[in-house]
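K.L.:
Just one file: protein-v2.cif, with mmCIF, C-alpha atoms (C1' of nucleotides).
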```cif
data_upload
#
loop_
_atom_site.label_atom_id
_atom_site.label_comp_id
_atom_site.auth_asym_id
_atom_site.auth_seq_id
_atom_site.Cartn_x
_atom_site.Cartn_y
_atom_site.Cartn_z
CA MET A 1 86.54 -43.65 220.82
CA PHE A 2 83.23 -44.99 222.12
CA GLU A 3 84.70 -46.34 225.27
CA TYR A 4 82.22 -46.97 228.05
CA LYS A 5 83.75 -46.62 231.46
CA ILE A 6 81.72 -47.65 234.48
CA THR A 7 82.70 -45.40 237.38
CA HIS A 8 80.39 -46.77 240.03
CA GLU A 9 78.10 -49.72 240.47
CA CYS A 10 75.34 -49.58 243.08
CA LYS A 11 75.88 -52.36 245.58
CA GLN A 12 72.18 -52.52 246.28
CA SER A 13 70.84 -52.75 242.72
CA GLY A 14 73.72 -53.18 240.29
CA ALA A 15 72.71 -49.90 238.62
CA ARG A 16 75.69 -48.16 237.08
CA ILE A 17 77.16 -44.75 236.61
CA GLY A 18 79.22 -44.64 233.47
CA GLU A 19 80.92 -42.42 230.93
CA PHE A 20 80.45 -42.94 227.23
CA THR A 21 82.95 -41.08 225.10
CA THR A 22 81.86 -39.72 221.72
CA PRO A 23 83.38 -37.29 219.20
CA HIS A 24 81.20 -34.52 220.63
CA GLY A 25 81.86 -35.15 224.27
CA VAL A 26 81.39 -37.53 227.13
CA ILE A 27 77.93 -38.69 228.16
CA GLU A 28 77.49 -39.53 231.79
CA THR A 29 74.93 -42.26 232.38
CA PRO A 30 72.23 -42.87 233.46
CA VAL A 31 71.08 -40.30 230.98
CA PHE A 32 67.78 -39.04 229.67
CA MET A 33 67.94 -37.93 226.04
CA PRO A 34 65.37 -35.40 224.85
CA VAL A 35 63.87 -36.16 221.47
CA GLY A 36 64.22 -33.74 218.58
CA THR A 37 62.80 -35.74 215.70
CA GLN A 38 62.93 -33.04 213.06
CA ALA A 39 66.33 -31.65 214.04
CA THR A 40 64.77 -29.64 216.84
CA VAL A 41 63.57 -30.45 220.31
CA LYS A 42 60.17 -28.87 219.90
CA ALA A 43 59.90 -25.47 221.59
CA MET A 44 63.50 -25.39 222.84
CA ALA A 45 66.60 -23.69 221.53
CA PRO A 46 69.86 -25.67 221.76
CA GLU A 47 71.34 -23.17 224.25
CA GLU A 48 68.36 -23.70 226.49
CA LEU A 49 68.75 -27.46 226.32
CA GLU A 50 72.38 -27.12 227.23
CA ASN A 51 71.52 -24.89 230.17
CA ILE A 52 69.12 -27.41 231.67
CA GLY A 53 71.80 -30.08 231.47
CA ALA A 54 70.88 -32.05 228.35
CA GLN A 55 73.92 -34.10 227.35
CA ILE A 56 72.68 -35.69 224.15
CA ILE A 57 69.58 -35.42 222.04
CA LEU A 58 67.87 -37.65 219.51
CA SER A 59 66.91 -37.03 215.96
CA ASN A 60 65.30 -39.17 213.32
CA THR A 61 66.49 -40.76 210.12
CA TYR A 62 63.13 -41.26 208.46
CA HIS A 63 61.83 -37.78 209.13
CA LEU A 64 65.03 -36.00 208.10
CA TYR A 65 65.38 -38.20 205.03
CA LEU A 66 61.94 -37.05 203.89
CA ARG A 67 62.38 -33.46 204.99
CA PRO A 68 64.64 -31.59 204.43
CA GLY A 69 66.63 -34.52 202.99
CA HIS A 70 69.88 -35.89 204.40
CA GLY A 71 71.75 -34.39 201.46
CA LEU A 72 71.01 -30.88 202.62
CA VAL A 73 71.98 -31.74 206.18
CA GLU A 74 75.25 -33.19 204.94
CA ARG A 75 75.98 -30.17 202.75
CA SER A 76 75.34 -27.86 205.67
CA GLY A 77 78.10 -29.59 207.60
CA GLY A 78 76.19 -32.35 209.29
CA LEU A 79 73.36 -32.45 211.76
CA HIS A 80 75.31 -30.83 214.59
CA ARG A 81 76.04 -27.78 212.55
CA PHE A 82 72.67 -27.74 210.80
CA MET A 83 70.78 -27.47 214.08
CA ASN A 84 73.52 -25.74 216.07
CA TRP A 85 73.79 -28.45 218.71
CA HIS A 86 77.40 -29.34 219.35
CA LYS A 87 77.05 -32.01 221.97
CA PRO A 88 76.37 -35.64 221.12
CA ILE A 89 73.44 -36.65 218.95
CA LEU A 90 71.81 -40.04 218.48
CA THR A 91 69.72 -40.75 215.41
CA ASP A 92 67.02 -43.34 215.39
CA SER A 93 67.04 -45.46 212.27
CA GLY A 94 63.41 -45.20 211.24
CA GLY A 95 62.61 -48.53 212.85
CA PHE A 96 60.07 -46.88 215.09
CA GLN A 97 58.34 -45.42 212.04
CA VAL A 98 57.89 -48.98 210.77
CA PHE A 99 55.66 -49.26 213.83
CA SER A 100 54.13 -45.81 214.16
CA LEU A 101 53.45 -45.35 210.43
CA SER A 102 52.36 -48.94 209.91
CA LYS A 103 49.45 -47.83 207.72
CA PHE A 104 51.89 -46.39 205.21
CA ARG A 105 54.40 -49.18 204.82
CA LYS A 106 55.06 -52.73 203.70
CA ILE A 107 57.82 -54.83 205.27
CA LYS A 108 59.96 -57.04 203.07
CA GLU A 109 63.18 -58.91 203.69
CA GLU A 110 65.13 -56.34 201.67
CA GLY A 111 63.67 -53.43 203.61
CA VAL A 112 60.55 -51.38 204.10
CA GLU A 113 58.42 -49.68 201.49
CA PHE A 114 57.08 -46.44 202.88
CA GLN A 115 54.50 -44.12 201.50
CA SER A 116 55.31 -40.66 202.77
CA HIS A 117 52.85 -39.41 205.37
CA ILE A 118 53.52 -35.92 204.01
CA ASP A 119 52.76 -36.24 200.29
CA GLY A 120 52.10 -39.92 199.68
CA SER A 121 55.25 -40.40 197.61
CA ARG A 122 56.79 -43.88 197.67
CA HIS A 123 60.15 -44.59 199.29
CA PHE A 124 62.16 -47.66 200.04
CA LEU A 125 64.34 -47.90 203.13
CA SER A 126 66.68 -50.85 203.50
CA PRO A 127 69.04 -51.41 206.42
CA GLU A 128 71.83 -50.20 204.13
CA ASP A 129 69.85 -47.07 203.27
CA ALA A 130 69.14 -46.33 206.92
CA ILE A 131 72.84 -46.51 207.69
CA LYS A 132 73.78 -44.46 204.64
CA VAL A 133 71.37 -41.72 205.66
CA GLN A 134 72.65 -41.81 209.22
CA ASN A 135 76.25 -41.63 207.98
CA ALA A 136 75.26 -38.49 206.08
CA LEU A 137 73.54 -36.97 209.09
CA GLY A 138 76.62 -37.60 211.19
CA ALA A 139 75.19 -38.38 214.63
CA ASP A 140 77.56 -39.74 217.28
CA ILE A 141 75.37 -42.75 217.92
CA ILE A 142 73.36 -44.35 215.14
CA MET A 143 70.81 -47.11 215.46
CA ALA A 144 70.43 -50.32 213.53
CA PHE A 145 67.39 -50.49 211.30
CA ASP A 146 64.91 -52.70 213.12
CA GLU A 147 61.25 -53.43 213.27
CA CYS A 148 59.54 -52.23 216.39
CA ALA A 149 56.78 -54.84 216.53
CA PRO A 150 53.39 -53.78 217.84
CA TRP A 151 51.78 -54.99 221.01
CA PRO A 152 49.90 -57.21 221.22
CA ALA A 153 51.26 -59.43 218.45
CA ASP A 154 51.30 -63.20 217.79
CA TYR A 155 54.29 -65.20 218.92
CA ASP A 156 55.04 -66.32 215.38
CA TYR A 157 54.92 -62.81 214.04
CA VAL A 158 57.16 -61.42 216.76
CA LYS A 159 59.61 -64.28 216.25
CA GLU A 160 59.85 -63.69 212.53
CA SER A 161 60.14 -59.96 213.03
CA MET A 162 62.83 -60.35 215.69
CA GLN A 163 64.86 -62.71 213.52
CA ARG A 164 64.59 -60.37 210.55
CA THR A 165 65.81 -57.54 212.77
CA LEU A 166 68.85 -59.72 213.56
CA ARG A 167 69.53 -60.27 209.86
CA TRP A 168 69.12 -56.55 209.27
CA LEU A 169 71.61 -55.83 212.06
CA VAL A 170 74.29 -57.84 210.25
CA ARG A 171 73.60 -55.84 207.11
CA CYS A 172 73.69 -52.57 209.05
CA LYS A 173 77.08 -53.39 210.49
CA MET A 174 78.39 -54.31 207.04
CA ALA A 175 77.08 -51.06 205.58
CA HIS A 176 78.37 -48.80 208.32
CA LYS A 177 81.32 -46.88 206.86
CA ASN A 178 82.10 -44.37 209.56
CA THR A 179 82.83 -46.55 212.56
CA GLU A 180 85.47 -44.16 213.89
CA ARG A 181 83.09 -41.28 214.44
CA GLN A 182 79.71 -42.98 214.70
CA ALA A 183 78.82 -45.72 217.13
CA LEU A 184 76.34 -48.25 215.80
CA PHE A 185 74.00 -49.71 218.43
CA GLY A 186 72.11 -52.97 217.86
CA ILE A 187 68.52 -53.33 219.00
CA ILE A 188 67.10 -56.27 220.91
CA GLN A 189 63.51 -57.16 220.01
CA GLY A 190 61.16 -60.00 220.88
CA GLY A 191 58.08 -58.29 222.25
CA THR A 192 56.95 -59.59 225.60
CA TYR A 193 57.93 -63.20 224.83
CA ASP A 194 60.71 -64.09 227.25
CA ASP A 195 62.36 -66.77 225.12
CA LEU A 196 62.37 -64.51 222.06
CA ARG A 197 63.93 -61.74 224.10
CA VAL A 198 66.68 -64.04 225.30
CA GLU A 199 67.30 -65.32 221.78
CA SER A 200 67.43 -61.78 220.46
CA ALA A 201 69.77 -60.62 223.23
CA GLN A 202 72.16 -63.51 222.72
CA HIS A 203 72.41 -63.02 218.98
CA THR A 204 72.53 -59.25 219.13
CA THR A 205 75.26 -59.09 221.75
CA ALA A 206 77.23 -61.74 219.85
CA ILE A 207 77.87 -59.01 217.30
CA ASP A 208 80.55 -56.68 218.58
CA LEU A 209 79.09 -53.19 218.87
CA PRO A 210 79.71 -50.12 221.06
CA GLY A 211 76.29 -50.38 222.66
CA TYR A 212 73.02 -52.27 222.73
CA ALA A 213 69.46 -51.09 222.87
CA ILE A 214 66.26 -52.67 224.03
CA GLY A 215 63.47 -51.84 221.62
CA GLY A 216 59.85 -52.78 221.22
CA LEU A 217 58.80 -51.81 224.72
CA SER A 218 56.45 -49.08 225.93
CA VAL A 219 54.28 -49.69 222.90
CA GLY A 220 51.14 -50.35 224.93
CA GLU A 221 52.05 -53.41 227.00
CA PRO A 222 51.45 -53.35 230.78
CA LYS A 223 54.36 -51.95 232.75
CA GLU A 224 54.81 -55.26 234.55
CA ASP A 225 55.58 -56.85 231.18
CA MET A 226 58.16 -54.21 230.49
CA TYR A 227 59.80 -54.63 233.88
CA ARG A 228 59.76 -58.40 233.58
CA THR A 229 61.35 -58.19 230.15
CA LEU A 230 64.13 -56.02 231.55
CA ASP A 231 64.70 -58.54 234.33
CA ILE A 232 64.82 -61.41 231.84
CA LEU A 233 67.27 -59.56 229.61
CA ARG A 234 69.61 -58.35 232.29
CA PRO A 235 71.85 -61.42 232.57
CA HIS A 236 72.12 -61.58 228.78
CA LEU A 237 73.40 -58.04 228.28
CA VAL A 238 77.04 -57.03 228.02
CA LYS A 239 78.14 -55.49 231.26
CA GLU A 240 80.84 -53.28 229.75
CA LYS A 241 78.57 -51.72 227.14
CA PRO A 242 75.89 -49.06 227.53
CA ARG A 243 72.30 -50.30 227.61
CA TYR A 244 69.70 -48.11 226.02
CA LEU A 245 65.99 -48.61 226.67
CA MET A 246 64.32 -47.04 223.66
CA GLY A 247 61.28 -44.84 223.98
CA VAL A 248 61.14 -44.81 227.76
CA GLY A 249 59.87 -42.96 229.46
CA SER A 250 57.81 -41.70 232.23
CA PRO A 251 59.58 -40.77 235.48
CA ASP A 252 58.60 -44.03 237.18
CA CYS A 253 59.71 -46.12 234.20
CA ILE A 254 63.10 -44.43 234.21
CA VAL A 255 63.59 -45.14 237.91
CA GLU A 256 62.49 -48.74 237.42
CA GLY A 257 64.70 -49.06 234.37
CA VAL A 258 67.84 -47.81 236.09
CA ALA A 259 67.19 -50.15 238.98
CA ARG A 260 67.25 -52.93 236.37
CA GLY A 261 70.58 -51.88 234.90
CA VAL A 262 69.56 -49.54 232.08
CA ASP A 263 71.88 -46.63 231.28
CA MET A 264 70.17 -44.61 228.58
CA PHE A 265 66.62 -43.46 227.95
CA ASP A 266 64.81 -41.31 225.45
CA CYS A 267 61.18 -40.36 225.26
CA VAL A 268 58.85 -37.87 223.64
CA LEU A 269 56.60 -37.97 226.68
CA PRO A 270 58.02 -34.95 228.55
CA THR A 271 58.02 -32.73 225.47
CA ARG A 272 54.75 -33.94 224.01
CA THR A 273 52.71 -33.90 227.19
CA ALA A 274 54.21 -30.52 228.07
CA ARG A 275 52.68 -29.09 224.93
CA THR A 276 49.27 -30.31 226.03
CA GLY A 277 49.52 -29.06 229.59
CA THR A 278 50.71 -32.11 231.52
CA LEU A 279 53.64 -31.45 233.82
CA PHE A 280 55.77 -33.77 235.94
CA THR A 281 56.31 -32.65 239.52
CA SER A 282 57.88 -34.03 242.66
CA LYS A 283 54.35 -34.80 243.85
CA GLY A 284 53.13 -36.43 240.66
CA LYS A 285 51.47 -35.38 237.41
CA VAL A 286 49.78 -31.99 237.11
CA ASN A 287 47.39 -30.95 234.36
CA ILE A 288 47.92 -27.21 234.44
CA LEU A 289 44.65 -26.64 232.56
CA ASN A 290 42.58 -27.84 235.50
CA ALA A 291 40.24 -25.18 236.90
CA LYS A 292 41.75 -25.55 240.36
CA TYR A 293 44.87 -23.72 239.21
CA VAL A 294 43.08 -20.62 237.96
CA ASP A 295 44.02 -18.57 241.06
CA ASP A 296 47.06 -20.56 242.09
CA LEU A 297 49.93 -18.11 242.39
CA ASP A 298 52.42 -20.65 243.76
CA PRO A 299 55.21 -22.09 241.65
CA LEU A 300 54.41 -25.40 239.99
CA ASP A 301 57.00 -27.35 241.95
CA LYS A 302 58.86 -25.81 244.85
CA ASP A 303 61.54 -28.49 244.52
CA CYS A 304 62.28 -27.60 240.91
CA ASP A 305 65.02 -25.19 239.86
CA CYS A 306 63.86 -24.66 236.28
CA TYR A 307 63.36 -21.26 234.72
CA TYR A 308 59.57 -21.61 234.85
CA CYS A 309 59.31 -22.75 238.45
CA LYS A 310 61.69 -20.05 239.61
CA ASN A 311 59.89 -17.17 237.91
CA TYR A 312 56.25 -17.90 237.23
CA SER A 313 53.08 -19.14 238.92
CA ARG A 314 50.78 -22.00 238.08
CA ALA A 315 48.05 -19.46 237.32
CA TYR A 316 50.29 -17.78 234.75
CA LEU A 317 51.11 -21.01 232.93
CA ARG A 318 47.44 -21.97 232.95
CA HIS A 319 46.67 -18.59 231.46
CA LEU A 320 49.23 -19.14 228.72
CA PHE A 321 47.70 -22.50 227.88
CA LYS A 322 44.15 -21.15 227.93
CA THR A 323 45.14 -18.42 225.54
CA LYS A 324 47.23 -20.86 223.49
CA GLU A 325 50.29 -18.67 223.78
CA ILE A 326 53.50 -20.23 222.47
CA LEU A 327 55.35 -19.38 225.66
CA GLY A 328 53.12 -21.85 227.51
CA ALA A 329 54.46 -24.77 225.47
CA ARG A 330 57.99 -23.48 225.92
CA LEU A 331 57.83 -23.09 229.69
CA ALA A 332 56.12 -26.45 230.11
CA THR A 333 58.67 -28.22 227.91
CA TRP A 334 61.48 -26.45 229.71
CA HIS A 335 60.15 -27.67 233.04
CA ASN A 336 59.46 -31.28 232.05
CA LEU A 337 62.89 -31.74 230.53
CA ARG A 338 64.59 -30.15 233.50
CA TYR A 339 62.49 -32.34 235.78
CA LEU A 340 63.69 -35.53 234.07
CA ILE A 341 67.30 -34.38 233.95
CA ASN A 342 67.08 -33.52 237.64
CA LEU A 343 65.65 -36.96 238.21
CA THR A 344 68.68 -38.58 236.60
CA GLU A 345 70.90 -36.42 238.82
CA ARG A 346 69.10 -37.70 241.91
CA ILE A 347 69.36 -41.24 240.55
CA LYS A 348 73.11 -40.87 240.16
CA GLU A 349 73.39 -39.65 243.74
CA ALA A 350 71.46 -42.69 244.89
CA ILE A 351 73.70 -45.03 242.88
CA ARG A 352 76.83 -43.40 244.30
CA ALA A 353 75.38 -43.91 247.77
CA ASP A 354 74.54 -47.55 246.92
CA ARG A 355 70.89 -46.98 247.73
CA MET A 356 69.12 -47.12 244.37
CA LEU A 357 66.44 -49.52 245.61
CA ASP A 358 65.71 -47.28 248.60
CA PHE A 359 65.51 -44.33 246.25
CA ARG A 360 63.07 -46.19 244.03
CA GLU A 361 60.87 -46.87 247.03
CA GLU A 362 60.93 -43.24 248.13
CA PHE A 363 60.31 -42.02 244.63
CA ILE A 364 57.27 -44.20 244.01
CA ASN A 365 55.77 -43.13 247.34
CA SER A 366 56.40 -39.43 246.83
CA VAL A 367 54.73 -39.44 243.43
CA GLU A 368 51.77 -41.49 244.59
CA ASN A 369 51.00 -39.39 247.65
CA SER A 370 49.69 -36.43 245.74
"C1'" G B 1 8.20 8.50 208.60
"C1'" G B 2 8.52 4.24 204.66
"C1'" A B 3 10.36 -0.80 203.19
"C1'" G B 4 12.60 -5.16 204.61
"C1'" G B 5 15.27 -8.66 207.86
"C1'" G B 6 15.86 -10.67 212.60
"C1'" G B 7 15.72 -12.06 218.22
"C1'" U B 8 17.40 -20.26 219.48
"C1'" U B 9 20.41 -23.54 225.05
"C1'" C B 10 27.35 -19.70 228.15
"C1'" C B 11 28.64 -17.34 222.85
"C1'" C B 12 28.09 -17.74 217.47
"C1'" G B 13 24.80 -20.32 214.58
"C1'" A B 14 21.45 -24.53 212.13
"C1'" G B 15 16.53 -25.79 212.66
"C1'" U B 16 10.31 -23.49 209.96
"C1'" G B 17 4.20 -28.50 213.01
"C1'" G B 18 5.66 -34.42 215.75
"C1'" C B 19 11.96 -38.27 214.60
"C1'" C B 20 14.02 -31.42 219.08
"C1'" A B 21 16.78 -30.78 225.21
"C1'" A B 22 17.35 -28.85 219.77
"C1'" A B 23 22.92 -29.92 214.15
"C1'" G B 24 27.74 -27.62 213.82
"C1'" G B 25 31.47 -24.39 215.66
"C1'" G B 26 33.47 -21.67 219.83
"C1'" G B 27 33.98 -21.47 224.99
"C1'" G B 28 33.80 -24.37 229.62
"C1'" C B 29 34.91 -29.02 232.29
"C1'" A B 30 37.66 -33.56 232.36
"C1'" G B 31 40.82 -37.44 230.25
"C1'" A B 32 44.72 -39.49 227.09
"C1'" C B 33 49.67 -38.98 225.28
"C1'" U B 34 56.30 -43.46 226.41
"C1'" G B 35 62.79 -44.68 219.75
"C1'" U B 36 56.92 -37.49 217.80
"C1'" A B 37 51.93 -37.92 211.09
"C1'" A B 38 50.75 -34.72 217.95
"C1'" A B 39 50.78 -26.49 219.90
"C1'" U B 40 47.18 -33.23 218.90
"C1'" C B 41 43.21 -36.51 220.02
"C1'" U B 42 38.87 -38.28 223.05
"C1'" G B 43 34.71 -37.64 226.26
"C1'" U B 44 31.34 -34.25 228.29
"C1'" U B 45 28.50 -29.61 228.49
"C1'" G B 46 19.66 -27.25 230.70
"C1'" U B 47 17.76 -29.17 235.70
"C1'" C B 48 16.35 -33.21 238.77
"C1'" U B 49 14.42 -37.40 243.76
"C1'" A B 50 17.80 -39.28 236.42
"C1'" C B 51 16.58 -45.93 231.96
"C1'" G B 52 11.93 -41.42 233.73
"C1'" A B 53 10.36 -36.47 234.81
"C1'" C B 54 10.59 -31.21 234.60
"C1'" U B 55 11.93 -26.31 232.54
"C1'" U B 56 14.00 -23.95 227.74
"C1'" C B 57 14.24 -21.33 221.59
"C1'" G B 58 12.51 -12.21 223.08
"C1'" A B 59 7.34 -11.49 225.97
"C1'" U B 60 2.23 -12.48 226.37
"C1'" G B 61 -2.00 -14.66 224.46
"C1'" G B 62 -4.05 -18.04 220.80
"C1'" U B 63 -4.64 -22.28 216.96
"C1'" U B 64 -3.53 -27.69 217.26
"C1'" C B 65 -3.86 -34.31 219.75
"C1'" A B 66 1.15 -31.91 219.26
"C1'" A B 67 4.62 -25.40 218.52
"C1'" A B 68 11.50 -23.18 218.56
"C1'" U B 69 8.54 -23.91 214.14
"C1'" C B 70 1.52 -21.38 212.55
"C1'" C B 71 -1.56 -16.69 214.12
"C1'" A B 72 -2.15 -11.97 217.03
"C1'" U B 73 -0.28 -8.18 220.01
"C1'" C B 74 3.85 -6.17 222.42
"C1'" U B 75 9.12 -5.45 222.79
"C1'" C B 76 14.17 -5.04 221.24
"C1'" C B 77 17.92 -5.13 217.30
"C1'" C B 78 19.80 -4.54 212.19
"C1'" U B 79 19.77 -2.86 206.88
"C1'" C B 80 18.04 0.29 203.07
"C1'" C B 81 15.06 4.56 201.59
"C1'" A B 82 13.33 9.48 203.22
#
```
Let me see whether you can do it: turn the structure in this file into structure tokens.

P.N.:
Amino acid sequence: MFEYKITHECKQSGARIGEFTTPHGVIETPVFMPVGTQATVKAMAPEELENIGAQIILSNTYHLYLRPGHGLVERSGGLHRFMNWHKPILTDSGGFQVFSLSKFRKIKEEGVEFQSHIDGSRHFLSPEDAIKVQNALGADIIMAFDECAPWPADYDYVKESMQRTLRWLVRCKMAHKNTERQALFGIIQGGTYDDLRVESAQHTTAIDLPGYAIGGLSVGEPKEDMYRTLDILRPHLVKEKPRYLMGVGSPDCIVEGVARGVDMFDCVLPTRTARTGTLFTSKGKVNILNAKYVDDLDPLDKDCDCYYCKNYSRAYLRHLFKTKEILGARLATWHNLRYLINLTERIKEAIRADRMLDFREEFINSVENS
RNA sequence: GGAGGGGUUCCCGAGUGGCCAAAGGGGGCAGACUGUAAAUCUGUUGUCUACGACUUCGAUGGUUCAAAUCCAUCUCCCUCCA
């Protein structure tokens, strides 16, 4: 179980196509994983996700722990059964909530004290707790409990945080009881400090795990910093293990990430922006609410094969958004997810043809010339 | 016919002598969103030859240094009573 088999390596870029085997099926990388924090990818039914080619989705330890409680999920037969998604699932550990809910928490060596954003109740989440909850949820891939440090942040703070994340990783591995059916991934931190990144990568990969993630990026830093960090990390990653860039990203970031050897991505961007009217297209970003689309009866993207683009006009989607109809959010989400999954398909073709760098060039140009 | 209430910027609706181009919503226009406190948030919304000027608060006329705000007439709407 949890074997990662690289089936092709791009001669031009070193980008890989691989197969990661899990109890709920094989994931072909590079892969984009839609995010379904609260045991649902907002606006989409599992069947619909499957139909657009989603291979694996994310869910979240912290949010499910608070509501409805991991006990209920476990009693219902695990997360797969609870939400009726029978392909692989990855759960994030709650480490991102240490960052995003920073107003409600206090970090200690033992773990993190949270005050619930829902009702203000106090909770304590240690690395052991995060693993215990994830064992109960039953995802195929579970994440180590880390701290996603903010950006910008002082060197000393990031160093301390990164080293604590390493100590927490050791505790996570010790606590993980279900290694046969759940793959624990470690998370490399270190902000945008190159030496801290290298230190984190060396220590993290020294611990034998089925996969490794790069965290703490796309938290506000310039893209050049993110790309540089990926370049710095690349020689320090384990070639035979999947590499997961957490929280990324936008179409251009995914292309840039794959070109730098990343295999897995997740991001709320396509689903979140879809709900507010921003759509990815082969010609760049479109805000469907713009007045110029009021009479536009063409499909959003002629190059897209999604249910929305095949059956509806831009004017119709704009109308749905203007009237705040639920279907608007659904069609937009449907499209954005299909767009990103299509993008990974095109990326795989480029890797197979050993022309990932050419593809990157073409992609950047096509999106800019809108 | 009698009594009362009211007509404010695209809409609703505050404002009752100067701090009012006029609160607040809505709508419109635009922007943001990267391991989801997000079907959310931000900006903007009379005109112009634009750090100043001009036009606006049902209409007209008047009082005043100064009116959306006071007075008169007209007009339209609403409620109650006959």

K.L.:
Any chance you could work out the residue set of the PyMOL selection byres ((chain A and resi 235) around 12) here, as a list in words?

P.N.:
Gly14, Arg197, Val198, Ala201, Gln202, Thr205, Thr229, Leu230, Asp231, Ile232, Leu233, Arg234, His236, Leu237, Val238, Lys239, Arg260 and Gly261 of chain A

K.L.:
With all atoms listed in the file as the counted atoms, please give the residues lying no more than 8 Å from A:Arg360, apart from itself and same-chain residues fewer than 3 positions off, as a list in words.

P.N.:
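Residues near the query, excluding close chain neighbours: Val255, Glu256, Ala259, Met356, Leu357, Phe363 and Ile364 of chain A.
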
K.L.:
Of the candidates A:Asp154, A:Asp303, A:Asp92, A:Asp146, which shows the shortest atom-to-atom distance to chain B, using all atoms listed in the file?

P.N.:
A:Asp92

K.L.:
If we count only C-alpha atoms (C1' of nucleotides) and set the cut-off at 7 Å, which residues sit around A:Leu79, ignoring sequence neighbours fewer than 4 positions away in its own chain? Please answer as an NGL selection string.

P.N.:
:A and (73 or 83 or 137-139)

K.L.:
Which of these, A:Trp85, A:Ala183, A:Gln163, A:Thr278, has the shortest distance to B:G31 once you count all atoms listed in the file?

P.N.:
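Of A:Trp85, A:Ala183, A:Gln163, A:Thr278, the one nearest B:G31 is A:Thr278, counting all atoms listed in the file.
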
K.L.:
So which one's closest to A:Val248, B:U40, B:C51, B:U34, B:C19? Using all atoms listed in the file, please.

P.N.:
B:U34

K.L.:
Which residues are close to B:C70, i.e. within 10 Å by all atoms listed in the file, leaving aside same-chain residues fewer than 5 positions away? Reply as number ranges by chain.

P.N.:
B: 16-17, 63-64

K.L.:
List the residues selected by the PyMOL selection byres ((chain A and resi 181) around 12) in the file shown, writing them as a list in words.

P.N.:
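Selection result, ordered by chain and number: Met1, Phe2, Thr21, Thr22, Pro23, His24, Gly25, Pro88, Ile89, Gln134, Asn135, Ala136, Leu137, Gly138, Ala139, Asp140, Ile141, Ile142, His176, Lys177, Asn178, Thr179, Glu180, Gln182, Ala183, Leu184 and Pro210 of chain A.
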
K.L.:
Starting from the PyMOL selection byres ((chain A) within 9 of (chain B)), expand the selection into actual residues of this file and give them as a ChimeraX atom specification.

P.N.:
/A:35-38,58,60,92-97,100-101,117-118,148,215-220,245-250,253,266-270,272-273,275-276,290-291,324-326,329

K.L.:
Could you tell me which of B:A21, B:A3, B:C57, B:C81 comes closest to B:U69 if we count only C-alpha atoms (C1' of nucleotides)?

P.N.:
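Among B:A21, B:A3, B:C57, B:C81, it is B:C57 that comes nearest to B:U69.
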
K.L.:
Excluding B:U47 and any residue of its chain fewer than 3 positions from it, enumerate the residues within 12 Å of it, using only C-alpha atoms (C1' of nucleotides), and give them as a PDB file with C-alpha atoms (C1' of nucleotides), in the frame of the given file.

P.N.:
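Wrote part_22.pdb, looks like this:
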```pdb
ATOM      1  C1'   A B  21      16.780 -30.780 225.210  1.00  0.00           C
ATOM      2  C1'   A B  50      17.800 -39.280 236.420  1.00  0.00           C
ATOM      3  C1'   A B  53      10.360 -36.470 234.810  1.00  0.00           C
ATOM      4  C1'   C B  54      10.590 -31.210 234.600  1.00  0.00           C
ATOM      5  C1'   U B  55      11.930 -26.310 232.540  1.00  0.00           C
ATOM      6  C1'   U B  56      14.000 -23.950 227.740  1.00  0.00           C
TER       7        U B  56
END
```

K.L.:
At what distance in Å, to one decimal, does atom CA of A:Leu125 lie from atom CA of A:Gly111?

P.N.:
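Separation between atom CA of A:Gly111 and atom CA of A:Leu125: 5.6 Å.
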
K.L.:
Between B:G43, B:G5, B:G27, B:G13, single out the one closest to B:C78, counting only C-alpha atoms (C1' of nucleotides).

P.N.:
B:G5

K.L.:
Please rebuild stretch 177-184 of chain A with N, CA and C atoms and return the result as a short mmCIF file (atom, residue, chain, number, x, y, z; two decimals), keeping the file's coordinate frame.

P.N.:
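Wrote result_26.cif, looks like this:
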```cif
data_model
loop_
_atom_site.label_atom_id
_atom_site.label_comp_id
_atom_site.auth_asym_id
_atom_site.auth_seq_id
_atom_site.Cartn_x
_atom_site.Cartn_y
_atom_site.Cartn_z
N LYS A 177 80.00 -47.24 207.40
CA LYS A 177 81.32 -46.88 206.86
C LYS A 177 82.11 -45.98 207.81
N ASN A 178 81.46 -45.43 208.78
CA ASN A 178 82.10 -44.37 209.56
C ASN A 178 82.25 -44.78 211.03
N THR A 179 82.80 -45.97 211.21
CA THR A 179 82.83 -46.55 212.56
C THR A 179 83.69 -45.75 213.54
N GLU A 180 84.60 -44.94 213.00
CA GLU A 180 85.47 -44.16 213.89
C GLU A 180 84.73 -43.04 214.61
N ARG A 181 83.76 -42.45 213.88
CA ARG A 181 83.09 -41.28 214.44
C ARG A 181 81.61 -41.52 214.78
N GLN A 182 81.11 -42.70 214.42
CA GLN A 182 79.71 -42.98 214.70
C GLN A 182 79.57 -44.39 215.27
N ALA A 183 79.00 -44.44 216.46
CA ALA A 183 78.82 -45.72 217.13
C ALA A 183 77.50 -46.34 216.71
N LEU A 184 77.57 -47.55 216.18
CA LEU A 184 76.34 -48.25 215.80
C LEU A 184 75.87 -49.12 216.97
#
```
